[in-house]
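Structure data (PDB, C-alpha atoms, pLDDT in the B column) from upload-v2.pdb:
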```
ATOM      1  CA  MET A 219     100.225 -78.554  -5.188  1.00 50.00           C
ATOM      2  CA  ILE A 220      97.262 -78.740  -7.602  1.00 47.00           C
ATOM      3  CA  LYS A 221      96.169 -82.030  -6.072  1.00 59.00           C
ATOM      4  CA  ASN A 222      96.252 -80.469  -2.618  1.00 63.00           C
ATOM      5  CA  LYS A 223      94.055 -77.588  -3.798  1.00 66.00           C
ATOM      6  CA  VAL A 224      91.588 -80.007  -5.396  1.00 63.00           C
ATOM      7  CA  LEU A 225      91.532 -82.077  -2.210  1.00 69.00           C
ATOM      8  CA  ALA A 226      91.003 -78.972  -0.073  1.00 71.00           C
ATOM      9  CA  LYS A 227      88.094 -77.839  -2.264  1.00 73.00           C
ATOM     10  CA  GLY A 228      86.609 -81.318  -2.069  1.00 73.00           C
ATOM     11  CA  ILE A 229      86.826 -81.340   1.723  1.00 79.00           C
ATOM     12  CA  ILE A 230      85.244 -77.883   1.923  1.00 80.00           C
ATOM     13  CA  LYS A 231      82.425 -79.078  -0.324  1.00 82.00           C
ATOM     14  CA  CYS A 232      81.866 -82.085   1.923  1.00 83.00           C
ATOM     15  CA  ILE A 233      81.808 -79.883   5.026  1.00 87.00           C
ATOM     16  CA  VAL A 234      79.235 -77.584   3.404  1.00 87.00           C
ATOM     17  CA  LEU A 235      77.025 -80.556   2.507  1.00 89.00           C
ATOM     18  CA  LEU A 236      77.438 -81.979   6.013  1.00 91.00           C
ATOM     19  CA  VAL A 237      76.377 -78.663   7.554  1.00 92.00           C
ATOM     20  CA  PHE A 238      73.290 -78.433   5.324  1.00 93.00           C
ATOM     21  CA  ALA A 239      72.391 -82.090   5.977  1.00 93.00           C
ATOM     22  CA  ALA A 240      72.649 -81.627   9.736  1.00 94.00           C
ATOM     23  CA  GLY A 241      70.860 -78.273   9.547  1.00 93.00           C
ATOM     24  CA  SER A 242      67.941 -79.626   7.525  1.00 95.00           C
ATOM     25  CA  LEU A 243      67.530 -82.573   9.907  1.00 95.00           C
ATOM     26  CA  LEU A 244      67.645 -80.393  13.018  1.00 96.00           C
ATOM     27  CA  LEU A 245      65.269 -77.872  11.429  1.00 95.00           C
ATOM     28  CA  SER A 246      62.848 -80.658  10.539  1.00 96.00           C
ATOM     29  CA  LEU A 247      62.883 -81.993  14.108  1.00 96.00           C
ATOM     30  CA  TRP A 248      62.462 -78.487  15.561  1.00 96.00           C
ATOM     31  CA  ILE A 249      59.496 -77.693  13.296  1.00 95.00           C
ATOM     32  CA  GLY A 250      57.944 -81.061  14.156  1.00 94.00           C
ATOM     33  CA  ASP A 251      58.361 -80.466  17.903  1.00 95.00           C
ATOM     34  CA  SER A 252      56.918 -76.958  17.550  1.00 93.00           C
ATOM     35  CA  MET A 253      53.915 -78.374  15.720  1.00 93.00           C
ATOM     36  CA  ALA A 254      53.341 -80.925  18.496  1.00 91.00           C
ATOM     37  CA  ILE A 255      53.327 -78.114  21.066  1.00 91.00           C
ATOM     38  CA  LEU A 256      51.273 -75.580  19.119  1.00 90.00           C
ATOM     39  CA  PHE A 257      48.729 -77.887  17.505  1.00 92.00           C
ATOM     40  CA  ASN A 258      47.734 -80.415  20.127  1.00 91.00           C
ATOM     41  CA  SER A 259      43.961 -80.050  20.370  1.00 94.00           C
ATOM     42  CA  VAL A 260      40.989 -81.712  18.672  1.00 95.00           C
ATOM     43  CA  LEU A 261      39.919 -78.201  17.627  1.00 96.00           C
ATOM     44  CA  ASP A 262      43.049 -77.545  15.563  1.00 93.00           C
ATOM     45  CA  LYS A 263      41.753 -79.200  12.396  1.00 92.00           C
ATOM     46  CA  TYR A 264      38.862 -76.722  12.512  1.00 94.00           C
ATOM     47  CA  LEU A 265      40.633 -73.580  13.744  1.00 92.00           C
ATOM     48  CA  ASN A 266      44.286 -73.985  12.726  1.00 90.00           C
ATOM     49  CA  TYR A 267      44.201 -76.353   9.731  1.00 90.00           C
ATOM     50  CA  THR A 268      46.225 -74.161   7.348  1.00 88.00           C
ATOM     51  CA  GLU A 269      48.956 -73.404   9.875  1.00 90.00           C
ATOM     52  CA  SER A 270      49.268 -77.028  10.997  1.00 92.00           C
ATOM     53  CA  MET A 271      49.574 -78.176   7.358  1.00 93.00           C
ATOM     54  CA  MET A 272      52.306 -75.578   6.804  1.00 93.00           C
ATOM     55  CA  TYR A 273      54.279 -76.982   9.735  1.00 94.00           C
ATOM     56  CA  LEU A 274      53.715 -80.553   8.528  1.00 94.00           C
ATOM     57  CA  TRP A 275      54.881 -79.850   4.980  1.00 95.00           C
ATOM     58  CA  ALA A 276      57.878 -77.794   6.130  1.00 95.00           C
ATOM     59  CA  SER A 277      59.002 -80.598   8.441  1.00 95.00           C
ATOM     60  CA  ALA A 278      58.553 -83.227   5.718  1.00 95.00           C
ATOM     61  CA  LEU A 279      60.382 -81.178   3.074  1.00 95.00           C
ATOM     62  CA  ASP A 280      63.327 -80.538   5.384  1.00 96.00           C
ATOM     63  CA  ARG A 281      63.650 -84.289   5.963  1.00 95.00           C
ATOM     64  CA  ILE A 282      63.708 -84.795   2.196  1.00 95.00           C
ATOM     65  CA  PHE A 283      66.425 -82.135   1.926  1.00 94.00           C
ATOM     66  CA  PHE A 284      68.378 -83.992   4.633  1.00 95.00           C
ATOM     67  CA  LEU A 285      68.327 -87.159   2.506  1.00 95.00           C
ATOM     68  CA  ILE A 286      69.334 -85.226  -0.621  1.00 93.00           C
ATOM     69  CA  PHE A 287      72.250 -83.478   1.092  1.00 93.00           C
ATOM     70  CA  LEU A 288      73.301 -86.780   2.660  1.00 93.00           C
ATOM     71  CA  ILE A 289      73.364 -88.502  -0.737  1.00 91.00           C
ATOM     72  CA  LEU A 290      75.359 -85.629  -2.263  1.00 88.00           C
ATOM     73  CA  LEU A 291      77.760 -85.817   0.688  1.00 88.00           C
ATOM     74  CA  ILE A 292      78.290 -89.560   0.250  1.00 88.00           C
ATOM     75  CA  ILE A 293      78.927 -89.096  -3.488  1.00 85.00           C
ATOM     76  CA  SER A 294      81.484 -86.345  -2.769  1.00 82.00           C
ATOM     77  CA  VAL A 295      83.272 -88.453  -0.133  1.00 83.00           C
ATOM     78  CA  VAL A 296      83.449 -91.433  -2.503  1.00 81.00           C
ATOM     79  CA  LYS A 297      84.924 -89.232  -5.236  1.00 77.00           C
ATOM     80  CA  ILE A 298      87.572 -87.902  -2.837  1.00 77.00           C
ATOM     81  CA  ILE A 299      88.504 -91.450  -1.781  1.00 73.00           C
ATOM     82  CA  LYS A 300      88.783 -92.525  -5.409  1.00 71.00           C
ATOM     83  CA  HIS A 301      90.852 -89.382  -6.145  1.00 67.00           C
ATOM     84  CA  LYS A 302      88.346 -88.133  -8.693  1.00 66.00           C
ATOM     85  CA  ARG A 303      88.197 -84.443  -9.423  1.00 62.00           C
ATOM     86  CA  LEU A 304      85.133 -82.754  -7.927  1.00 59.00           C
ATOM     87  CA  LYS A 305      83.443 -80.515 -10.444  1.00 61.00           C
ATOM     88  CA  LYS A 306      81.065 -77.725  -9.563  1.00 60.00           C
ATOM     89  CA  SER A 307      77.686 -79.333  -9.007  1.00 71.00           C
ATOM     90  CA  ALA A 308      74.657 -77.462 -10.343  1.00 78.00           C
ATOM     91  CA  ALA A 309      72.438 -79.840  -8.374  1.00 79.00           C
ATOM     92  CA  GLN A 310      74.123 -78.825  -5.121  1.00 83.00           C
ATOM     93  CA  ILE A 311      73.530 -75.120  -5.821  1.00 85.00           C
ATOM     94  CA  VAL A 312      69.916 -75.765  -6.843  1.00 88.00           C
ATOM     95  CA  PHE A 313      69.067 -77.810  -3.744  1.00 90.00           C
ATOM     96  CA  ILE A 314      70.768 -75.367  -1.365  1.00 90.00           C
ATOM     97  CA  SER A 315      68.849 -72.513  -3.008  1.00 91.00           C
ATOM     98  CA  LEU A 316      65.547 -74.412  -2.782  1.00 92.00           C
ATOM     99  CA  PHE A 317      66.235 -75.281   0.858  1.00 94.00           C
ATOM    100  CA  ALA A 318      66.826 -71.630   1.717  1.00 93.00           C
ATOM    101  CA  VAL A 319      63.850 -70.313  -0.282  1.00 94.00           C
ATOM    102  CA  ILE A 320      61.361 -72.850   1.136  1.00 93.00           C
ATOM    103  CA  ASN A 321      62.361 -72.267   4.755  1.00 94.00           C
ATOM    104  CA  ILE A 322      62.403 -68.480   4.398  1.00 94.00           C
ATOM    105  CA  ALA A 323      58.952 -68.641   2.767  1.00 93.00           C
ATOM    106  CA  PHE A 324      57.721 -70.862   5.617  1.00 93.00           C
ATOM    107  CA  LEU A 325      59.054 -68.419   8.220  1.00 91.00           C
ATOM    108  CA  ILE A 326      57.426 -65.422   6.510  1.00 92.00           C
ATOM    109  CA  ALA A 327      54.112 -67.274   6.127  1.00 90.00           C
ATOM    110  CA  VAL A 328      54.069 -68.334   9.793  1.00 88.00           C
ATOM    111  CA  MET A 329      54.824 -64.802  10.962  1.00 86.00           C
ATOM    112  CA  SER A 330      52.073 -63.479   8.702  1.00 84.00           C
ATOM    113  CA  PHE A 331      49.508 -65.964  10.049  1.00 82.00           C
ATOM    114  CA  GLN A 332      50.504 -65.271  13.642  1.00 75.00           C
ATOM    115  CA  ALA A 333      50.121 -61.530  13.097  1.00 73.00           C
ATOM    116  CA  SER A 334      46.562 -61.885  11.769  1.00 71.00           C
ATOM    117  CA  ASP A 335      45.519 -65.037  13.630  1.00 69.00           C
ATOM    118  CA  ILE A 336      44.081 -63.403  16.770  1.00 74.00           C
ATOM    119  CA  LYS A 337      42.278 -60.084  16.729  1.00 83.00           C
ATOM    120  CA  THR A 338      42.935 -58.173  19.934  1.00 85.00           C
ATOM    121  CA  VAL A 339      41.176 -55.115  21.301  1.00 87.00           C
ATOM    122  CA  ASP A 340      41.954 -53.235  24.503  1.00 86.00           C
ATOM    123  CA  SER A 341      38.364 -53.037  25.670  1.00 84.00           C
ATOM    124  CA  ILE A 342      35.675 -55.582  26.490  1.00 87.00           C
ATOM    125  CA  SER A 343      32.894 -55.747  23.923  1.00 86.00           C
ATOM    126  CA  VAL A 344      31.130 -58.974  24.916  1.00 89.00           C
ATOM    127  CA  LYS A 345      28.762 -59.690  27.790  1.00 86.00           C
ATOM    128  CA  SER A 346      29.476 -63.293  28.766  1.00 92.00           C
ATOM    129  CA  TYR A 347      32.444 -63.220  31.117  1.00 96.00           C
ATOM    130  CA  VAL A 348      33.274 -63.266  34.822  1.00 96.00           C
ATOM    131  CA  ASP A 349      33.831 -59.681  35.976  1.00 95.00           C
ATOM    132  CA  ILE A 350      36.905 -59.135  38.134  1.00 96.00           C
ATOM    133  CA  HIS A 351      35.188 -56.226  39.924  1.00 94.00           C
ATOM    134  CA  ARG A 352      32.463 -58.506  41.252  1.00 94.00           C
ATOM    135  CA  VAL A 353      34.457 -61.548  42.355  1.00 95.00           C
ATOM    136  CA  PHE A 354      37.336 -59.574  43.869  1.00 95.00           C
ATOM    137  CA  ASP A 355      37.530 -56.366  45.843  1.00 92.00           C
ATOM    138  CA  VAL A 356      38.757 -54.333  42.874  1.00 91.00           C
ATOM    139  CA  SER A 357      37.798 -50.687  42.543  1.00 90.00           C
ATOM    140  CA  TYR A 358      36.694 -49.378  39.144  1.00 90.00           C
ATOM    141  CA  ASP A 359      39.241 -46.573  39.467  1.00 90.00           C
ATOM    142  CA  ASP A 360      42.172 -48.888  40.271  1.00 89.00           C
ATOM    143  CA  GLU A 361      45.072 -47.383  38.306  1.00 91.00           C
ATOM    144  CA  SER A 362      46.692 -50.786  37.770  1.00 93.00           C
ATOM    145  CA  TYR A 363      43.557 -52.220  36.144  1.00 94.00           C
ATOM    146  CA  ARG A 364      43.861 -53.378  32.541  1.00 94.00           C
ATOM    147  CA  GLU A 365      41.673 -55.403  30.198  1.00 94.00           C
ATOM    148  CA  GLN A 366      41.910 -57.066  26.824  1.00 94.00           C
ATOM    149  CA  THR A 367      39.698 -59.095  24.500  1.00 94.00           C
ATOM    150  CA  ASN A 368      41.201 -61.713  22.184  1.00 92.00           C
ATOM    151  CA  TYR A 369      39.091 -63.001  19.281  1.00 92.00           C
ATOM    152  CA  GLY A 370      40.328 -66.335  17.923  1.00 90.00           C
ATOM    153  CA  ASN A 371      39.638 -68.179  14.687  1.00 90.00           C
ATOM    154  CA  ILE A 372      36.090 -69.340  14.015  1.00 92.00           C
ATOM    155  CA  CYS A 373      34.345 -71.674  11.584  1.00 93.00           C
ATOM    156  CA  SER A 374      30.879 -73.182  11.053  1.00 94.00           C
ATOM    157  CA  GLU A 375      31.468 -75.805  13.760  1.00 95.00           C
ATOM    158  CA  ILE A 376      32.983 -73.214  16.133  1.00 96.00           C
ATOM    159  CA  PRO A 377      31.188 -69.886  15.536  1.00 96.00           C
ATOM    160  CA  VAL A 378      32.286 -68.243  18.808  1.00 95.00           C
ATOM    161  CA  ASN A 379      35.824 -68.142  20.184  1.00 95.00           C
ATOM    162  CA  TYR A 380      37.078 -65.352  22.450  1.00 95.00           C
ATOM    163  CA  GLU A 381      38.908 -64.668  25.714  1.00 95.00           C
ATOM    164  CA  ILE A 382      38.440 -61.796  28.154  1.00 96.00           C
ATOM    165  CA  GLN A 383      41.462 -60.830  30.250  1.00 96.00           C
ATOM    166  CA  GLN A 384      41.099 -58.566  33.288  1.00 96.00           C
ATOM    167  CA  ALA A 385      43.934 -57.898  35.699  1.00 95.00           C
ATOM    168  CA  THR A 386      45.370 -55.603  38.345  1.00 95.00           C
ATOM    169  CA  ASP A 387      48.657 -55.823  40.208  1.00 93.00           C
ATOM    170  CA  GLU A 388      47.026 -58.236  42.685  1.00 93.00           C
ATOM    171  CA  TYR A 389      44.244 -60.028  40.840  1.00 95.00           C
ATOM    172  CA  SER A 390      43.535 -61.641  37.482  1.00 96.00           C
ATOM    173  CA  VAL A 391      40.434 -63.115  35.869  1.00 97.00           C
ATOM    174  CA  PHE A 392      40.500 -64.763  32.443  1.00 97.00           C
ATOM    175  CA  THR A 393      37.288 -65.988  30.821  1.00 97.00           C
ATOM    176  CA  SER A 394      37.435 -68.092  27.663  1.00 96.00           C
ATOM    177  CA  CYS A 395      34.273 -68.814  25.696  1.00 96.00           C
ATOM    178  CA  ILE A 396      34.086 -71.374  22.881  1.00 97.00           C
ATOM    179  CA  ARG A 397      30.826 -72.385  21.235  1.00 97.00           C
ATOM    180  CA  ILE A 398      30.900 -75.784  19.491  1.00 97.00           C
ATOM    181  CA  THR A 399      27.863 -76.792  17.450  1.00 96.00           C
ATOM    182  CA  ASP A 400      28.977 -80.422  17.024  1.00 95.00           C
ATOM    183  CA  ASN A 401      28.024 -82.283  20.242  1.00 94.00           C
ATOM    184  CA  SER A 402      30.608 -85.047  19.775  1.00 95.00           C
ATOM    185  CA  LEU A 403      33.373 -82.484  19.188  1.00 96.00           C
ATOM    186  CA  LEU A 404      32.249 -80.517  22.243  1.00 97.00           C
ATOM    187  CA  SER A 405      32.371 -83.644  24.389  1.00 95.00           C
ATOM    188  CA  GLU A 406      35.778 -84.603  23.016  1.00 96.00           C
ATOM    189  CA  TYR A 407      37.192 -81.127  23.707  1.00 96.00           C
ATOM    190  CA  TYR A 408      35.724 -81.130  27.224  1.00 96.00           C
ATOM    191  CA  GLU A 409      37.409 -84.464  28.007  1.00 94.00           C
ATOM    192  CA  GLU A 410      40.666 -83.165  26.477  1.00 94.00           C
ATOM    193  CA  LEU A 411      40.667 -80.204  28.857  1.00 93.00           C
ATOM    194  CA  LYS A 412      39.880 -82.472  31.778  1.00 92.00           C
ATOM    195  CA  GLU A 413      42.716 -84.821  30.872  1.00 90.00           C
ATOM    196  CA  ARG A 414      45.163 -81.913  30.810  1.00 87.00           C
ATOM    197  CA  GLY A 415      44.225 -81.005  34.354  1.00 82.00           C
ATOM    198  CA  LYS A 416      44.381 -84.523  35.772  1.00 79.00           C
ATOM    199  CA  ASP A 417      47.632 -83.808  37.641  1.00 81.00           C
ATOM    200  CA  CYS A 418      45.934 -80.900  39.440  1.00 82.00           C
ATOM    201  CA  LYS A 419      43.404 -83.067  41.326  1.00 84.00           C
ATOM    202  CA  VAL A 420      40.362 -82.125  39.259  1.00 91.00           C
ATOM    203  CA  LYS A 421      37.050 -82.202  41.116  1.00 92.00           C
ATOM    204  CA  ASP A 422      33.676 -82.561  39.383  1.00 94.00           C
ATOM    205  CA  LEU A 423      31.001 -80.039  40.270  1.00 95.00           C
ATOM    206  CA  THR A 424      28.120 -81.620  42.186  1.00 95.00           C
ATOM    207  CA  ALA A 425      24.525 -81.643  40.952  1.00 95.00           C
ATOM    208  CA  PRO A 426      23.472 -78.809  43.351  1.00 94.00           C
ATOM    209  CA  GLN A 427      26.492 -76.733  42.277  1.00 95.00           C
ATOM    210  CA  LEU A 428      25.654 -77.248  38.599  1.00 96.00           C
ATOM    211  CA  LYS A 429      22.053 -76.260  39.283  1.00 95.00           C
ATOM    212  CA  ASP A 430      23.161 -73.067  41.067  1.00 95.00           C
ATOM    213  CA  ILE A 431      25.173 -71.926  38.061  1.00 95.00           C
ATOM    214  CA  SER A 432      22.788 -73.322  35.390  1.00 95.00           C
ATOM    215  CA  ALA A 433      25.469 -75.567  33.888  1.00 96.00           C
ATOM    216  CA  ASP A 434      25.164 -79.009  32.304  1.00 96.00           C
ATOM    217  CA  THR A 435      28.504 -80.290  33.534  1.00 96.00           C
ATOM    218  CA  GLY A 436      31.789 -78.981  34.855  1.00 96.00           C
ATOM    219  CA  TYR A 437      34.793 -79.367  37.107  1.00 96.00           C
ATOM    220  CA  TYR A 438      37.406 -77.281  38.884  1.00 94.00           C
ATOM    221  CA  TRP A 439      40.820 -77.421  40.473  1.00 92.00           C
ATOM    222  CA  SER A 440      42.832 -75.037  42.610  1.00 88.00           C
ATOM    223  CA  TYR A 441      46.369 -74.550  43.863  1.00 84.00           C
ATOM    224  CA  ASN A 442      47.994 -71.796  45.913  1.00 85.00           C
ATOM    225  CA  ASN A 443      45.746 -68.773  45.338  1.00 89.00           C
ATOM    226  CA  THR A 444      44.460 -69.738  41.881  1.00 92.00           C
ATOM    227  CA  LEU A 445      41.142 -71.283  40.846  1.00 93.00           C
ATOM    228  CA  ASN A 446      40.368 -72.913  37.491  1.00 95.00           C
ATOM    229  CA  ILE A 447      36.808 -73.723  36.431  1.00 96.00           C
ATOM    230  CA  VAL A 448      35.524 -75.413  33.275  1.00 97.00           C
ATOM    231  CA  ILE A 449      31.768 -75.582  32.671  1.00 97.00           C
ATOM    232  CA  VAL A 450      29.491 -76.487  29.774  1.00 97.00           C
ATOM    233  CA  LYS A 451      26.240 -74.672  29.100  1.00 96.00           C
ATOM    234  CA  LYS A 452      24.325 -76.171  26.174  1.00 93.00           C
ATOM    235  CA  ASP A 453      26.852 -75.912  23.312  1.00 95.00           C
ATOM    236  CA  VAL A 454      29.287 -73.507  24.991  1.00 97.00           C
ATOM    237  CA  ILE A 455      32.414 -74.286  27.009  1.00 97.00           C
ATOM    238  CA  TYR A 456      33.615 -71.656  29.462  1.00 97.00           C
ATOM    239  CA  LYS A 457      37.096 -71.747  30.964  1.00 97.00           C
ATOM    240  CA  ILE A 458      37.607 -69.411  33.909  1.00 97.00           C
ATOM    241  CA  TYR A 459      40.940 -68.720  35.582  1.00 96.00           C
ATOM    242  CA  LEU A 460      41.154 -66.628  38.754  1.00 96.00           C
ATOM    243  CA  LEU A 461      44.276 -65.450  40.541  1.00 96.00           C
ATOM    244  CA  GLY A 462      43.963 -63.853  43.969  1.00 92.00           C
ATOM    245  CA  GLU A 463      42.241 -64.219  47.320  1.00 89.00           C
ATOM    246  CA  PRO A 464      39.689 -64.001  48.762  1.00 90.00           C
ATOM    247  CA  VAL A 465      37.074 -64.814  46.095  1.00 92.00           C
ATOM    248  CA  ASN A 466      33.565 -63.508  46.707  1.00 92.00           C
ATOM    249  CA  LYS A 467      31.831 -66.894  46.418  1.00 91.00           C
ATOM    250  CA  ASP A 468      28.287 -65.537  46.266  1.00 92.00           C
ATOM    251  CA  MET A 469      29.190 -63.167  43.448  1.00 94.00           C
ATOM    252  CA  MET A 470      31.147 -65.974  41.764  1.00 94.00           C
ATOM    253  CA  VAL A 471      28.062 -68.208  41.676  1.00 94.00           C
ATOM    254  CA  GLU A 472      25.965 -65.307  40.362  1.00 94.00           C
ATOM    255  CA  GLU A 473      28.513 -64.526  37.654  1.00 95.00           C
ATOM    256  CA  LEU A 474      28.688 -68.160  36.520  1.00 95.00           C
ATOM    257  CA  ASN A 475      24.910 -68.355  36.528  1.00 94.00           C
ATOM    258  CA  GLU A 476      24.702 -65.332  34.208  1.00 93.00           C
ATOM    259  CA  LEU A 477      27.145 -66.644  31.632  1.00 93.00           C
TER
END
```
As structure tokens:
Amino acid sequence: MIKNKVLAKGIIKCIVLLVFAAGSLLLSLWIGDSMAILFNSVLDKYLNYTESMMYLWASALDRIFFLIFLILLIISVVKIIKHKRLKKSAAQIVFISLFAVINIAFLIAVMSFQASDIKTVDSISVKSYVDIHRVFDVSYDDESYREQTNYGNICSEIPVNYEIQQATDEYSVFTSCIRITDNSLLSEYYEELKERGKDCKVKDLTAPQLKDISADTGYYWSYNNTLNIVIVKKDVIYKIYLLGEPVNKDMMVEELNEL
């Protein structure tokens, strides 16, 4: 009877270790996949360095915990096979506690960074953006109209980073503005954006088109009733997204020229 109880406790201990080993491995893979999705730009090491390092360390530590729990599991299984009595393991309690504390701390830190990462205001306070009222037939007293300004992280290499969102029930215009003082970084980011849109049949703006909007380089693509434009003016990259038809092309050129 006593042997059966000891065996049952040993099996339960092995199951617990197996659950924590599997959980730490799955958590490590999930954090790693999340990092690959969230931090996939050349700008991340300038704008999101702290957050990306948090994800990297959390993923690495969870893989270490997986190995530790796996080793403890193997030791427990061997002891059961050899009919050795399994004593309460202080190491097991310590590692389980550390695993829980580290992952809870990571979750709290991520939530804290996300809460303060982007400053959002419900009114436009910058001048360089494409105005929805000019490119679409949208009345200033349209009750469905809404706007929002998102200010992202900045640094010495990227001193300006914001997005203007304007929308009604029928139309949307998003203007993103990023100033990059490092020419090589600007070029690399521009090519990154272009590569992401390669499946959308990207078309380069012609020399006359660039001259009309006072841009150095740029491209666009469209599908259904959406239009995406990326242009570079000196050390600033503008990304413009428009949803709705028809677009007032003359006003569009004027708006791009004034950016």
**OP:** Quick one: everything within 12 Å of Asp422 (chain A), counting all atoms listed in the file, minus sequence neighbours fewer than 5 positions away in the same chain. Send it as an MDAnalysis selection string.
**Re:** chainID A and resid 412 415:416 427:428 434:439 446:449
Subject >> Residue nearest Ser405 (chain A) among A:Leu477, A:Ile320, A:Leu245, A:Val454 (counting only C-alpha atoms) >> reply: A:Val454
Original post:
Using the chain letters and numbers from the file, which residues does the PyMOL selection byres ((chain A and resi 451) around 12) grab, as a PyMOL selection string?
Top reply: chain A and resi 346+395-399+401+404-405+408+428-429+431-436+448-450+452-457+474-477
**OP:** Go through A:Ala425, A:Val353, A:Ile342, A:Ala385 one by one, measure the shortest atom-to-atom distance of each to Glu472 (chain A) using all atoms listed in the file, and give the residue with the smallest value.
**Re:** A:Val353
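With distances restricted to only C-alpha atoms, A:Leu461 is the closest residue to Thr393 (chain A) from A:Ala239, A:Leu244, A:Ile293, A:Leu461.
Evaluated against this file, the PyMOL selection byres ((chain A and resi 250-259) around 9) yields Leu245, Ser246, Leu247, Trp248, Ile249, Val260, Leu261, Asp262, Lys263, Asn266, Glu269, Ser270, Tyr273, Leu274, Ala276, Ser277, Ala278, Tyr407 and Glu410 of chain A.
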**OP:** Spell out the residues picked by the PyMOL selection byres ((chain A and resi 362) around 10) here, as a count of residues only.
**Re:** 9
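Minimum atom-to-atom distance to Ile458 (chain A), evaluated using all atoms listed in the file, belongs to A:Phe392 out of A:Val471, A:Asp430, A:Ala333, A:Phe392.
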Give the centre and edge lengths of an axis-aligned box, in Å to one decimal, that holds all listed atoms of region 257-276 of chain A with 8 Å on each side, as AutoDock Vina command-line options.
```
--center_x 48.4 --center_y -77.6 --center_z 12.7 --size_x 35.0 --size_y 24.3 --size_z 31.4
```
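Between CA of Ile289 (chain A) and CA of Val319 (chain A) the separation is 20.5 Å.
For the atom pair formed by CA of Leu235 (chain A) and CA of Leu288 (chain A), the distance is 7.3 Å, given to one decimal.
Take CA of Pro377 (chain A) and CA of Ile326 (chain A): the distance between them is 28.1 Å.
For the choices A:Phe287, A:Asp355, A:Ala226, A:Tyr264, the atom-to-atom distance to Ala240 (chain A) is smallest for A:Phe287 when using all atoms listed in the file.
Distances from A:Ile230, A:Leu316, A:Thr424, A:Asn466 to Ile286 (chain A) were compared using all atoms listed in the file, and the smallest one belongs to A:Leu316.
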Given the point (63.4, -78.2, -1.7) in the file's coordinates, find the residues that have an atom at most 12 Å from it, counting only C-alpha atoms, and give them as a compact mmCIF listing (two decimals) with C-alpha atoms, in the coordinates of the input.
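Resulting contents of out19.txt:
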```
# COMPACT_ATOMS: atom_id res chain seq x y z
CA SER A 242 67.94 -79.63 7.52
CA TRP A 275 54.88 -79.85 4.98
CA ALA A 276 57.88 -77.79 6.13
CA SER A 277 59.00 -80.60 8.44
CA ALA A 278 58.55 -83.23 5.72
CA LEU A 279 60.38 -81.18 3.07
CA ASP A 280 63.33 -80.54 5.38
CA ARG A 281 63.65 -84.29 5.96
CA ILE A 282 63.71 -84.80 2.20
CA PHE A 283 66.42 -82.14 1.93
CA PHE A 284 68.38 -83.99 4.63
CA LEU A 285 68.33 -87.16 2.51
CA ILE A 286 69.33 -85.23 -0.62
CA PHE A 287 72.25 -83.48 1.09
CA ALA A 309 72.44 -79.84 -8.37
CA GLN A 310 74.12 -78.82 -5.12
CA ILE A 311 73.53 -75.12 -5.82
CA VAL A 312 69.92 -75.76 -6.84
CA PHE A 313 69.07 -77.81 -3.74
CA ILE A 314 70.77 -75.37 -1.36
CA SER A 315 68.85 -72.51 -3.01
CA LEU A 316 65.55 -74.41 -2.78
CA PHE A 317 66.24 -75.28 0.86
CA ALA A 318 66.83 -71.63 1.72
CA VAL A 319 63.85 -70.31 -0.28
CA ILE A 320 61.36 -72.85 1.14
CA ASN A 321 62.36 -72.27 4.76
CA ILE A 322 62.40 -68.48 4.40
CA ALA A 323 58.95 -68.64 2.77
CA PHE A 324 57.72 -70.86 5.62
```
